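The structure file work_2.cif is reproduced below (mmCIF, N, CA and C atoms).
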```
data_entry
loop_
_atom_site.label_atom_id
_atom_site.label_comp_id
_atom_site.auth_asym_id
_atom_site.auth_seq_id
_atom_site.Cartn_x
_atom_site.Cartn_y
_atom_site.Cartn_z
N GLN A 486 -6.46 19.62 2.10
CA GLN A 486 -6.85 18.35 2.67
C GLN A 486 -5.82 17.29 2.28
N VAL A 487 -5.88 16.17 2.97
CA VAL A 487 -4.93 15.10 2.73
C VAL A 487 -5.21 14.44 1.38
N GLN A 488 -4.14 14.20 0.65
CA GLN A 488 -4.25 13.48 -0.61
C GLN A 488 -3.18 12.40 -0.67
N LEU A 489 -3.52 11.28 -1.29
CA LEU A 489 -2.60 10.17 -1.44
C LEU A 489 -2.47 9.82 -2.92
N GLN A 490 -1.26 9.50 -3.33
CA GLN A 490 -1.02 9.17 -4.72
C GLN A 490 -0.09 7.98 -4.81
N GLU A 491 -0.57 6.91 -5.45
CA GLU A 491 0.25 5.72 -5.64
C GLU A 491 1.14 5.88 -6.86
N SER A 492 2.32 5.29 -6.81
CA SER A 492 3.20 5.28 -7.98
C SER A 492 3.99 3.98 -8.00
N GLY A 493 4.32 3.56 -9.22
CA GLY A 493 5.08 2.33 -9.37
C GLY A 493 4.86 1.75 -10.75
N PRO A 494 5.50 0.64 -11.04
CA PRO A 494 5.39 0.05 -12.37
C PRO A 494 4.01 -0.56 -12.60
N GLY A 495 3.53 -0.46 -13.80
CA GLY A 495 2.24 -1.05 -14.12
C GLY A 495 2.35 -2.51 -14.52
N LEU A 496 3.55 -2.95 -14.83
CA LEU A 496 3.77 -4.33 -15.28
C LEU A 496 4.98 -4.91 -14.57
N VAL A 497 4.79 -6.07 -14.00
CA VAL A 497 5.86 -6.77 -13.29
C VAL A 497 5.89 -8.22 -13.78
N LYS A 498 7.08 -8.76 -13.94
CA LYS A 498 7.20 -10.15 -14.39
C LYS A 498 7.05 -11.11 -13.20
N PRO A 499 6.53 -12.28 -13.46
CA PRO A 499 6.42 -13.28 -12.39
C PRO A 499 7.78 -13.54 -11.75
N SER A 500 7.74 -13.77 -10.46
CA SER A 500 8.88 -14.03 -9.57
C SER A 500 9.65 -12.77 -9.18
N GLN A 501 9.35 -11.64 -9.80
CA GLN A 501 10.02 -10.40 -9.45
C GLN A 501 9.37 -9.75 -8.24
N THR A 502 9.93 -8.61 -7.84
CA THR A 502 9.41 -7.87 -6.69
C THR A 502 8.63 -6.65 -7.16
N LEU A 503 7.46 -6.52 -6.62
CA LEU A 503 6.63 -5.34 -6.89
C LEU A 503 6.90 -4.30 -5.82
N SER A 504 7.23 -3.10 -6.26
CA SER A 504 7.46 -2.00 -5.32
C SER A 504 6.54 -0.84 -5.67
N LEU A 505 5.77 -0.41 -4.71
CA LEU A 505 4.88 0.73 -4.88
C LEU A 505 5.14 1.75 -3.78
N THR A 506 4.96 3.01 -4.13
CA THR A 506 5.13 4.10 -3.18
C THR A 506 3.87 4.94 -3.13
N CYS A 507 3.52 5.37 -1.94
CA CYS A 507 2.40 6.27 -1.75
C CYS A 507 2.93 7.61 -1.26
N SER A 508 2.69 8.65 -2.03
CA SER A 508 3.10 10.00 -1.65
C SER A 508 1.91 10.72 -1.02
N VAL A 509 2.14 11.27 0.14
CA VAL A 509 1.08 11.91 0.91
C VAL A 509 1.31 13.41 0.94
N SER A 510 0.26 14.16 0.68
CA SER A 510 0.32 15.62 0.78
C SER A 510 -0.83 16.11 1.63
N GLY A 511 -0.64 17.26 2.23
CA GLY A 511 -1.69 17.86 3.04
C GLY A 511 -1.77 17.30 4.45
N GLY A 512 -0.88 16.41 4.80
CA GLY A 512 -0.88 15.81 6.14
C GLY A 512 0.36 14.96 6.30
N SER A 513 0.74 14.69 7.52
CA SER A 513 1.97 13.95 7.79
C SER A 513 1.68 12.50 8.14
N ILE A 514 2.54 11.61 7.64
CA ILE A 514 2.39 10.19 7.97
C ILE A 514 2.79 9.91 9.42
N THR A 515 3.32 10.91 10.10
CA THR A 515 3.68 10.74 11.52
C THR A 515 2.64 11.35 12.45
N THR A 516 1.54 11.84 11.90
CA THR A 516 0.47 12.38 12.75
C THR A 516 0.02 11.30 13.74
N THR A 517 0.01 11.65 15.00
CA THR A 517 -0.31 10.69 16.05
C THR A 517 -1.65 10.01 15.78
N TYR A 518 -1.63 8.69 15.90
CA TYR A 518 -2.79 7.81 15.73
C TYR A 518 -3.23 7.64 14.28
N SER A 519 -2.47 8.16 13.34
CA SER A 519 -2.80 7.89 11.95
C SER A 519 -2.22 6.53 11.55
N ALA A 520 -2.87 5.90 10.59
CA ALA A 520 -2.43 4.59 10.11
C ALA A 520 -2.55 4.57 8.60
N TRP A 521 -1.55 3.97 7.96
CA TRP A 521 -1.42 4.06 6.51
C TRP A 521 -1.36 2.66 5.93
N SER A 522 -2.28 2.39 5.04
CA SER A 522 -2.48 1.02 4.59
C SER A 522 -2.27 0.84 3.10
N TRP A 523 -2.10 -0.44 2.74
CA TRP A 523 -2.19 -0.88 1.36
C TRP A 523 -3.36 -1.84 1.24
N ILE A 524 -4.15 -1.63 0.21
CA ILE A 524 -5.33 -2.43 -0.08
C ILE A 524 -5.30 -2.74 -1.56
N ARG A 525 -5.72 -3.93 -1.93
CA ARG A 525 -5.74 -4.25 -3.35
C ARG A 525 -7.05 -4.91 -3.75
N GLN A 526 -7.33 -4.83 -5.03
CA GLN A 526 -8.54 -5.45 -5.57
C GLN A 526 -8.22 -6.18 -6.86
N PRO A 527 -8.14 -7.50 -6.81
CA PRO A 527 -7.91 -8.27 -8.04
C PRO A 527 -9.13 -8.16 -8.96
N PRO A 528 -8.94 -8.39 -10.22
CA PRO A 528 -10.07 -8.28 -11.16
C PRO A 528 -11.19 -9.23 -10.80
N GLY A 529 -12.39 -8.71 -10.71
CA GLY A 529 -13.56 -9.53 -10.42
C GLY A 529 -13.69 -9.98 -8.99
N LYS A 530 -12.83 -9.45 -8.11
CA LYS A 530 -12.87 -9.87 -6.70
C LYS A 530 -13.03 -8.66 -5.79
N GLY A 531 -13.19 -8.94 -4.52
CA GLY A 531 -13.36 -7.87 -3.55
C GLY A 531 -12.04 -7.27 -3.09
N LEU A 532 -12.16 -6.29 -2.23
CA LEU A 532 -11.00 -5.62 -1.69
C LEU A 532 -10.27 -6.53 -0.70
N GLU A 533 -8.95 -6.46 -0.74
CA GLU A 533 -8.11 -7.23 0.19
C GLU A 533 -7.20 -6.28 0.94
N TRP A 534 -7.32 -6.28 2.26
CA TRP A 534 -6.43 -5.46 3.08
C TRP A 534 -5.08 -6.16 3.18
N MET A 535 -4.02 -5.44 2.85
CA MET A 535 -2.70 -6.04 2.83
C MET A 535 -1.94 -5.80 4.13
N GLY A 536 -2.19 -4.65 4.74
CA GLY A 536 -1.49 -4.36 5.98
C GLY A 536 -1.45 -2.87 6.24
N VAL A 537 -0.76 -2.50 7.30
CA VAL A 537 -0.74 -1.11 7.74
C VAL A 537 0.61 -0.76 8.35
N ILE A 538 1.00 0.48 8.15
CA ILE A 538 2.15 1.04 8.86
C ILE A 538 1.63 2.23 9.63
N ALA A 539 1.85 2.20 10.92
CA ALA A 539 1.27 3.22 11.78
C ALA A 539 2.15 4.46 11.86
N TYR A 540 1.63 5.48 12.53
CA TYR A 540 2.32 6.77 12.63
C TYR A 540 3.69 6.63 13.30
N ASP A 541 3.86 5.60 14.13
CA ASP A 541 5.12 5.41 14.83
C ASP A 541 6.05 4.45 14.10
N GLY A 542 5.66 4.01 12.91
CA GLY A 542 6.49 3.12 12.12
C GLY A 542 6.24 1.64 12.34
N SER A 543 5.42 1.31 13.29
CA SER A 543 5.10 -0.10 13.51
C SER A 543 4.24 -0.62 12.37
N THR A 544 4.35 -1.91 12.10
CA THR A 544 3.63 -2.48 10.97
C THR A 544 2.83 -3.70 11.38
N SER A 545 1.78 -3.94 10.61
CA SER A 545 0.99 -5.16 10.74
C SER A 545 0.62 -5.60 9.34
N ILE A 546 0.94 -6.84 9.00
CA ILE A 546 0.74 -7.32 7.64
C ILE A 546 -0.19 -8.51 7.67
N SER A 547 -1.06 -8.59 6.68
CA SER A 547 -1.99 -9.71 6.57
C SER A 547 -1.24 -11.04 6.63
N PRO A 548 -1.70 -11.96 7.44
CA PRO A 548 -1.00 -13.25 7.55
C PRO A 548 -0.82 -13.96 6.21
N SER A 549 -1.77 -13.79 5.32
CA SER A 549 -1.66 -14.48 4.03
C SER A 549 -0.57 -13.91 3.14
N LEU A 550 -0.09 -12.73 3.46
CA LEU A 550 0.94 -12.07 2.65
C LEU A 550 2.24 -11.84 3.39
N LYS A 551 2.25 -12.13 4.67
CA LYS A 551 3.35 -11.72 5.52
C LYS A 551 4.70 -12.26 5.08
N SER A 552 4.71 -13.47 4.54
CA SER A 552 5.99 -14.10 4.19
C SER A 552 6.70 -13.41 3.04
N ARG A 553 5.98 -12.62 2.25
CA ARG A 553 6.62 -12.01 1.09
C ARG A 553 6.32 -10.52 0.96
N THR A 554 5.90 -9.89 2.05
CA THR A 554 5.52 -8.47 2.01
C THR A 554 6.27 -7.69 3.07
N SER A 555 6.69 -6.50 2.71
CA SER A 555 7.27 -5.60 3.70
C SER A 555 6.80 -4.18 3.42
N PHE A 556 6.71 -3.40 4.48
CA PHE A 556 6.37 -1.99 4.38
C PHE A 556 7.54 -1.16 4.87
N SER A 557 7.66 0.02 4.33
CA SER A 557 8.67 0.96 4.80
C SER A 557 8.13 2.37 4.63
N ARG A 558 8.87 3.33 5.16
CA ARG A 558 8.46 4.71 4.99
C ARG A 558 9.66 5.62 4.96
N ASP A 559 9.47 6.78 4.37
CA ASP A 559 10.47 7.83 4.33
C ASP A 559 9.79 9.08 4.87
N THR A 560 10.01 9.36 6.11
CA THR A 560 9.31 10.50 6.72
C THR A 560 9.78 11.83 6.15
N SER A 561 11.02 11.88 5.65
CA SER A 561 11.51 13.13 5.07
C SER A 561 10.77 13.47 3.78
N LYS A 562 10.28 12.43 3.10
CA LYS A 562 9.54 12.64 1.86
C LYS A 562 8.03 12.49 2.06
N ASN A 563 7.63 12.13 3.27
CA ASN A 563 6.22 11.88 3.58
C ASN A 563 5.63 10.81 2.65
N GLN A 564 6.37 9.72 2.55
CA GLN A 564 5.97 8.62 1.69
C GLN A 564 6.03 7.30 2.47
N PHE A 565 5.20 6.36 2.05
CA PHE A 565 5.35 5.00 2.56
C PHE A 565 5.25 4.04 1.38
N SER A 566 5.85 2.87 1.56
CA SER A 566 6.04 1.98 0.42
C SER A 566 5.68 0.54 0.75
N LEU A 567 5.42 -0.18 -0.32
CA LEU A 567 5.09 -1.60 -0.26
C LEU A 567 6.08 -2.36 -1.12
N GLN A 568 6.57 -3.48 -0.60
CA GLN A 568 7.34 -4.41 -1.42
C GLN A 568 6.69 -5.79 -1.32
N LEU A 569 6.36 -6.34 -2.45
CA LEU A 569 5.75 -7.67 -2.52
C LEU A 569 6.66 -8.55 -3.37
N ASN A 570 7.24 -9.55 -2.74
CA ASN A 570 8.22 -10.41 -3.40
C ASN A 570 7.55 -11.59 -4.11
N SER A 571 8.30 -12.15 -5.04
CA SER A 571 7.90 -13.39 -5.71
C SER A 571 6.47 -13.33 -6.23
N VAL A 572 6.19 -12.29 -7.00
CA VAL A 572 4.81 -12.10 -7.47
C VAL A 572 4.43 -13.16 -8.49
N THR A 573 3.14 -13.43 -8.54
CA THR A 573 2.55 -14.34 -9.52
C THR A 573 1.39 -13.60 -10.20
N PRO A 574 0.84 -14.17 -11.25
CA PRO A 574 -0.31 -13.51 -11.90
C PRO A 574 -1.47 -13.27 -10.94
N GLU A 575 -1.55 -14.03 -9.85
CA GLU A 575 -2.62 -13.82 -8.87
C GLU A 575 -2.45 -12.51 -8.11
N ASP A 576 -1.30 -11.89 -8.22
CA ASP A 576 -1.08 -10.58 -7.59
C ASP A 576 -1.51 -9.43 -8.48
N THR A 577 -2.00 -9.74 -9.66
CA THR A 577 -2.55 -8.70 -10.53
C THR A 577 -3.76 -8.06 -9.86
N ALA A 578 -3.73 -6.74 -9.76
CA ALA A 578 -4.80 -6.05 -9.02
C ALA A 578 -4.64 -4.55 -9.18
N VAL A 579 -5.67 -3.85 -8.75
CA VAL A 579 -5.53 -2.41 -8.52
C VAL A 579 -5.09 -2.25 -7.08
N TYR A 580 -4.01 -1.52 -6.89
CA TYR A 580 -3.44 -1.32 -5.56
C TYR A 580 -3.75 0.10 -5.09
N TYR A 581 -4.27 0.19 -3.88
CA TYR A 581 -4.61 1.47 -3.29
C TYR A 581 -3.79 1.69 -2.02
N CYS A 582 -3.37 2.92 -1.82
CA CYS A 582 -2.88 3.28 -0.50
C CYS A 582 -3.98 4.09 0.19
N ALA A 583 -4.00 4.03 1.50
CA ALA A 583 -5.11 4.63 2.23
C ALA A 583 -4.67 5.10 3.60
N ARG A 584 -5.44 6.01 4.13
CA ARG A 584 -5.21 6.50 5.48
C ARG A 584 -6.41 6.21 6.36
N PHE A 585 -6.15 5.69 7.55
CA PHE A 585 -7.16 5.58 8.58
C PHE A 585 -6.78 6.57 9.68
N TYR A 586 -7.74 7.39 10.05
CA TYR A 586 -7.49 8.36 11.13
C TYR A 586 -8.79 8.55 11.88
N GLY A 587 -8.88 7.94 13.06
CA GLY A 587 -10.15 7.95 13.78
C GLY A 587 -11.19 7.22 12.96
N VAL A 588 -12.30 7.88 12.69
CA VAL A 588 -13.36 7.27 11.88
C VAL A 588 -13.21 7.63 10.41
N GLU A 589 -12.18 8.36 10.09
CA GLU A 589 -12.00 8.79 8.71
C GLU A 589 -11.22 7.76 7.91
N PHE A 590 -11.64 7.60 6.67
CA PHE A 590 -10.94 6.75 5.72
C PHE A 590 -10.76 7.52 4.43
N LEU A 591 -9.55 7.47 3.89
CA LEU A 591 -9.26 8.18 2.65
C LEU A 591 -8.28 7.33 1.85
N SER A 592 -8.54 7.18 0.56
CA SER A 592 -7.63 6.40 -0.27
C SER A 592 -7.18 7.21 -1.48
N GLY A 593 -6.12 6.71 -2.10
CA GLY A 593 -5.71 7.25 -3.38
C GLY A 593 -6.60 6.71 -4.48
N GLN A 594 -6.31 7.08 -5.69
CA GLN A 594 -7.14 6.65 -6.82
C GLN A 594 -6.85 5.21 -7.25
N GLY A 595 -5.72 4.70 -6.80
CA GLY A 595 -5.35 3.34 -7.15
C GLY A 595 -4.47 3.28 -8.38
N THR A 596 -3.67 2.23 -8.44
CA THR A 596 -2.80 2.02 -9.59
C THR A 596 -2.90 0.55 -10.01
N GLN A 597 -3.07 0.35 -11.29
CA GLN A 597 -3.18 -1.01 -11.83
C GLN A 597 -1.79 -1.64 -11.92
N VAL A 598 -1.67 -2.83 -11.38
CA VAL A 598 -0.44 -3.60 -11.52
C VAL A 598 -0.79 -4.94 -12.14
N THR A 599 -0.13 -5.26 -13.21
CA THR A 599 -0.33 -6.53 -13.90
C THR A 599 0.94 -7.36 -13.80
N VAL A 600 0.77 -8.60 -13.40
CA VAL A 600 1.91 -9.52 -13.34
C VAL A 600 1.81 -10.46 -14.53
N SER A 601 2.77 -10.32 -15.42
CA SER A 601 2.74 -11.10 -16.65
C SER A 601 4.13 -11.13 -17.26
N SER A 602 4.44 -12.22 -17.90
CA SER A 602 5.72 -12.31 -18.60
C SER A 602 5.60 -11.75 -20.02
#
```

Please rewrite the model in this file as structure tokens.
Amino acid sequence: QVQLQESGPGLVKPSQTLSLTCSVSGGSITTTYSAWSWIRQPPGKGLEWMGVIAYDGSTSISPSLKSRTSFSRDTSKNQFSLQLNSVTPEDTAVYYCARFYGVEFLSGQGTQVTVSS
């Protein structure tokens, strides 16, 4: 079955760029109509959808994050990535990568990212 695994630094300094990668196994990120997302949950708050990169490489990013967020993918490695620029302590959160496919939703276990000097 499909599995997703987030990877990246657990600690990032303010004003730096946060880069996370999601490695996918058991399924392809190019599967038609699949969509691959980043979602985060700050401490004590609800889930925040950050955006999506679709099976064809097209992207849609949350308007509140669009100015400092980009998504990319490496189809040869079956991975997709998030870059969040100019981070602040408010970007501290558990970051999840996830797959939407039809009515199915599947996420990774999440990775804690703390923004602190």

Can you translate the PyMOL selection byres (((chain A and resi 490-502 and name CA) around 7) and name CA) into the concrete residues it hits in this file, as an MDAnalysis selection string? chainID A and resid 488:489 503:509 568:574 581:582 593:602

Prev. selection, N, CA and C atoms, output as a compact mmCIF listing (two decimals), in the frame of the given file:
```txt
# COMPACT_ATOMS: atom_id res chain seq x y z
N GLN A 488 -4.14 14.20 0.65
CA GLN A 488 -4.25 13.48 -0.61
C GLN A 488 -3.18 12.40 -0.67
N LEU A 489 -3.52 11.28 -1.29
CA LEU A 489 -2.60 10.17 -1.44
C LEU A 489 -2.47 9.82 -2.92
N LEU A 503 7.46 -6.52 -6.62
CA LEU A 503 6.63 -5.34 -6.89
C LEU A 503 6.90 -4.30 -5.82
N SER A 504 7.23 -3.10 -6.26
CA SER A 504 7.46 -2.00 -5.32
C SER A 504 6.54 -0.84 -5.67
N LEU A 505 5.77 -0.41 -4.71
CA LEU A 505 4.88 0.73 -4.88
C LEU A 505 5.14 1.75 -3.78
N THR A 506 4.96 3.01 -4.13
CA THR A 506 5.13 4.10 -3.18
C THR A 506 3.87 4.94 -3.13
N CYS A 507 3.52 5.37 -1.94
CA CYS A 507 2.40 6.27 -1.75
C CYS A 507 2.93 7.61 -1.26
N SER A 508 2.69 8.65 -2.03
CA SER A 508 3.10 10.00 -1.65
C SER A 508 1.91 10.72 -1.02
N VAL A 509 2.14 11.27 0.14
CA VAL A 509 1.08 11.91 0.91
C VAL A 509 1.31 13.41 0.94
N GLN A 568 6.57 -3.48 -0.60
CA GLN A 568 7.34 -4.41 -1.42
C GLN A 568 6.69 -5.79 -1.32
N LEU A 569 6.36 -6.34 -2.45
CA LEU A 569 5.75 -7.67 -2.52
C LEU A 569 6.66 -8.55 -3.37
N ASN A 570 7.24 -9.55 -2.74
CA ASN A 570 8.22 -10.41 -3.40
C ASN A 570 7.55 -11.59 -4.11
N SER A 571 8.30 -12.15 -5.04
CA SER A 571 7.90 -13.39 -5.71
C SER A 571 6.47 -13.33 -6.23
N VAL A 572 6.19 -12.29 -7.00
CA VAL A 572 4.81 -12.10 -7.47
C VAL A 572 4.43 -13.16 -8.49
N THR A 573 3.14 -13.43 -8.54
CA THR A 573 2.55 -14.34 -9.52
C THR A 573 1.39 -13.60 -10.20
N PRO A 574 0.84 -14.17 -11.25
CA PRO A 574 -0.31 -13.51 -11.90
C PRO A 574 -1.47 -13.27 -10.94
N TYR A 581 -4.27 0.19 -3.88
CA TYR A 581 -4.61 1.47 -3.29
C TYR A 581 -3.79 1.69 -2.02
N CYS A 582 -3.37 2.92 -1.82
CA CYS A 582 -2.88 3.28 -0.50
C CYS A 582 -3.98 4.09 0.19
N GLY A 593 -6.12 6.71 -2.10
CA GLY A 593 -5.71 7.25 -3.38
C GLY A 593 -6.60 6.71 -4.48
N GLN A 594 -6.31 7.08 -5.69
CA GLN A 594 -7.14 6.65 -6.82
C GLN A 594 -6.85 5.21 -7.25
N GLY A 595 -5.72 4.70 -6.80
CA GLY A 595 -5.35 3.34 -7.15
C GLY A 595 -4.47 3.28 -8.38
N THR A 596 -3.67 2.23 -8.44
CA THR A 596 -2.80 2.02 -9.59
C THR A 596 -2.90 0.55 -10.01
N GLN A 597 -3.07 0.35 -11.29
CA GLN A 597 -3.18 -1.01 -11.83
C GLN A 597 -1.79 -1.64 -11.92
N VAL A 598 -1.67 -2.83 -11.38
CA VAL A 598 -0.44 -3.60 -11.52
C VAL A 598 -0.79 -4.94 -12.14
N THR A 599 -0.13 -5.26 -13.21
CA THR A 599 -0.33 -6.53 -13.90
C THR A 599 0.94 -7.36 -13.80
N VAL A 600 0.77 -8.60 -13.40
CA VAL A 600 1.91 -9.52 -13.34
C VAL A 600 1.81 -10.46 -14.53
N SER A 601 2.77 -10.32 -15.42
CA SER A 601 2.74 -11.10 -16.65
C SER A 601 4.13 -11.13 -17.26
N SER A 602 4.44 -12.22 -17.90
CA SER A 602 5.72 -12.31 -18.60
C SER A 602 5.60 -11.75 -20.02
```

Nearby residues (only C-alpha atoms) at most 8 Å from Ile538 of chain A, same-chain spacing under 2 positions excluded, as a PyMOL selection string: chain A and resi 520-522+536+540-545+556-557

Excluding same-chain residues fewer than 5 positions from Arg525 of chain A, what lies within 8 Å of it counting all atoms listed in the file, as a PDB file with N, CA and C atoms, keeping the file's coordinate frame?
```pdb
ATOM      1  N   LYS A 530     -12.830  -9.450  -8.110  1.00  0.00           N
ATOM      2  CA  LYS A 530     -12.870  -9.870  -6.700  1.00  0.00           C
ATOM      3  C   LYS A 530     -13.030  -8.660  -5.790  1.00  0.00           C
ATOM      4  N   GLY A 531     -13.190  -8.940  -4.520  1.00  0.00           N
ATOM      5  CA  GLY A 531     -13.360  -7.870  -3.550  1.00  0.00           C
ATOM      6  C   GLY A 531     -12.040  -7.270  -3.090  1.00  0.00           C
ATOM      7  N   LEU A 532     -12.160  -6.290  -2.230  1.00  0.00           N
ATOM      8  CA  LEU A 532     -11.000  -5.620  -1.690  1.00  0.00           C
ATOM      9  C   LEU A 532     -10.270  -6.530  -0.700  1.00  0.00           C
ATOM     10  N   GLU A 533      -8.950  -6.460  -0.740  1.00  0.00           N
ATOM     11  CA  GLU A 533      -8.110  -7.230   0.190  1.00  0.00           C
ATOM     12  C   GLU A 533      -7.200  -6.280   0.940  1.00  0.00           C
ATOM     13  N   TRP A 534      -7.320  -6.280   2.260  1.00  0.00           N
ATOM     14  CA  TRP A 534      -6.430  -5.460   3.080  1.00  0.00           C
ATOM     15  C   TRP A 534      -5.080  -6.160   3.180  1.00  0.00           C
ATOM     16  N   MET A 535      -4.020  -5.440   2.850  1.00  0.00           N
ATOM     17  CA  MET A 535      -2.700  -6.040   2.830  1.00  0.00           C
ATOM     18  C   MET A 535      -1.940  -5.800   4.130  1.00  0.00           C
ATOM     19  N   GLY A 536      -2.190  -4.650   4.740  1.00  0.00           N
ATOM     20  CA  GLY A 536      -1.490  -4.360   5.980  1.00  0.00           C
ATOM     21  C   GLY A 536      -1.450  -2.870   6.240  1.00  0.00           C
ATOM     22  N   THR A 577      -2.000  -9.740  -9.660  1.00  0.00           N
ATOM     23  CA  THR A 577      -2.550  -8.700 -10.530  1.00  0.00           C
ATOM     24  C   THR A 577      -3.760  -8.060  -9.860  1.00  0.00           C
ATOM     25  N   ALA A 578      -3.730  -6.740  -9.760  1.00  0.00           N
ATOM     26  CA  ALA A 578      -4.800  -6.050  -9.020  1.00  0.00           C
ATOM     27  C   ALA A 578      -4.640  -4.550  -9.180  1.00  0.00           C
ATOM     28  N   VAL A 579      -5.670  -3.850  -8.750  1.00  0.00           N
ATOM     29  CA  VAL A 579      -5.530  -2.410  -8.520  1.00  0.00           C
ATOM     30  C   VAL A 579      -5.090  -2.250  -7.080  1.00  0.00           C
ATOM     31  N   TYR A 580      -4.010  -1.520  -6.890  1.00  0.00           N
ATOM     32  CA  TYR A 580      -3.440  -1.320  -5.560  1.00  0.00           C
ATOM     33  C   TYR A 580      -3.750   0.100  -5.090  1.00  0.00           C
ATOM     34  N   TYR A 581      -4.270   0.190  -3.880  1.00  0.00           N
ATOM     35  CA  TYR A 581      -4.610   1.470  -3.290  1.00  0.00           C
ATOM     36  C   TYR A 581      -3.790   1.690  -2.020  1.00  0.00           C
ATOM     37  N   CYS A 582      -3.370   2.920  -1.820  1.00  0.00           N
ATOM     38  CA  CYS A 582      -2.880   3.280  -0.500  1.00  0.00           C
ATOM     39  C   CYS A 582      -3.980   4.090   0.190  1.00  0.00           C
TER      40      CYS A 582
END
```

Output as AutoDock Vina command-line options the centre and edge lengths (Å, one decimal) of the box along x, y and z of the file that holds every listed atom of segment 594-599 of chain A after adding 5 Å on each side.
```
--center_x -3.1 --center_y -0.1 --center_z -9.8 --size_x 18.1 --size_y 24.4 --size_z 18.2
```

Run the PyMOL selection byres (((chain A and resi 512 and name CA) around 8) and name CA) mentally over the shown coordinates, then write out the matched residues as a list in words, using the chain letters and numbers from the document. Gln486, Val487, Gln488, Val509, Ser510, Gly511, Ser513, Ile514 and Thr516 of chain A

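The interatomic distance for the pair atom C of Phe565 of chain A and atom C of Leu550 of chain A works out to 16.3 Å.
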
Would you return as JSON, numbers by chain the members of chain A that DSSP assigns to strand (DSSP E) on this structure's backbone? {"A": [488, 489, 490, 491, 492, 496, 497, 503, 504, 505, 506, 507, 508, 509, 510, 519, 520, 521, 522, 523, 524, 525, 526, 533, 534, 535, 536, 537, 538, 539, 544, 545, 546, 554, 555, 556, 557, 558, 559, 564, 565, 566, 567, 568, 569, 578, 579, 580, 581, 582, 583, 584, 585, 586, 589, 590, 591, 592, 596, 597, 598, 599, 600]}
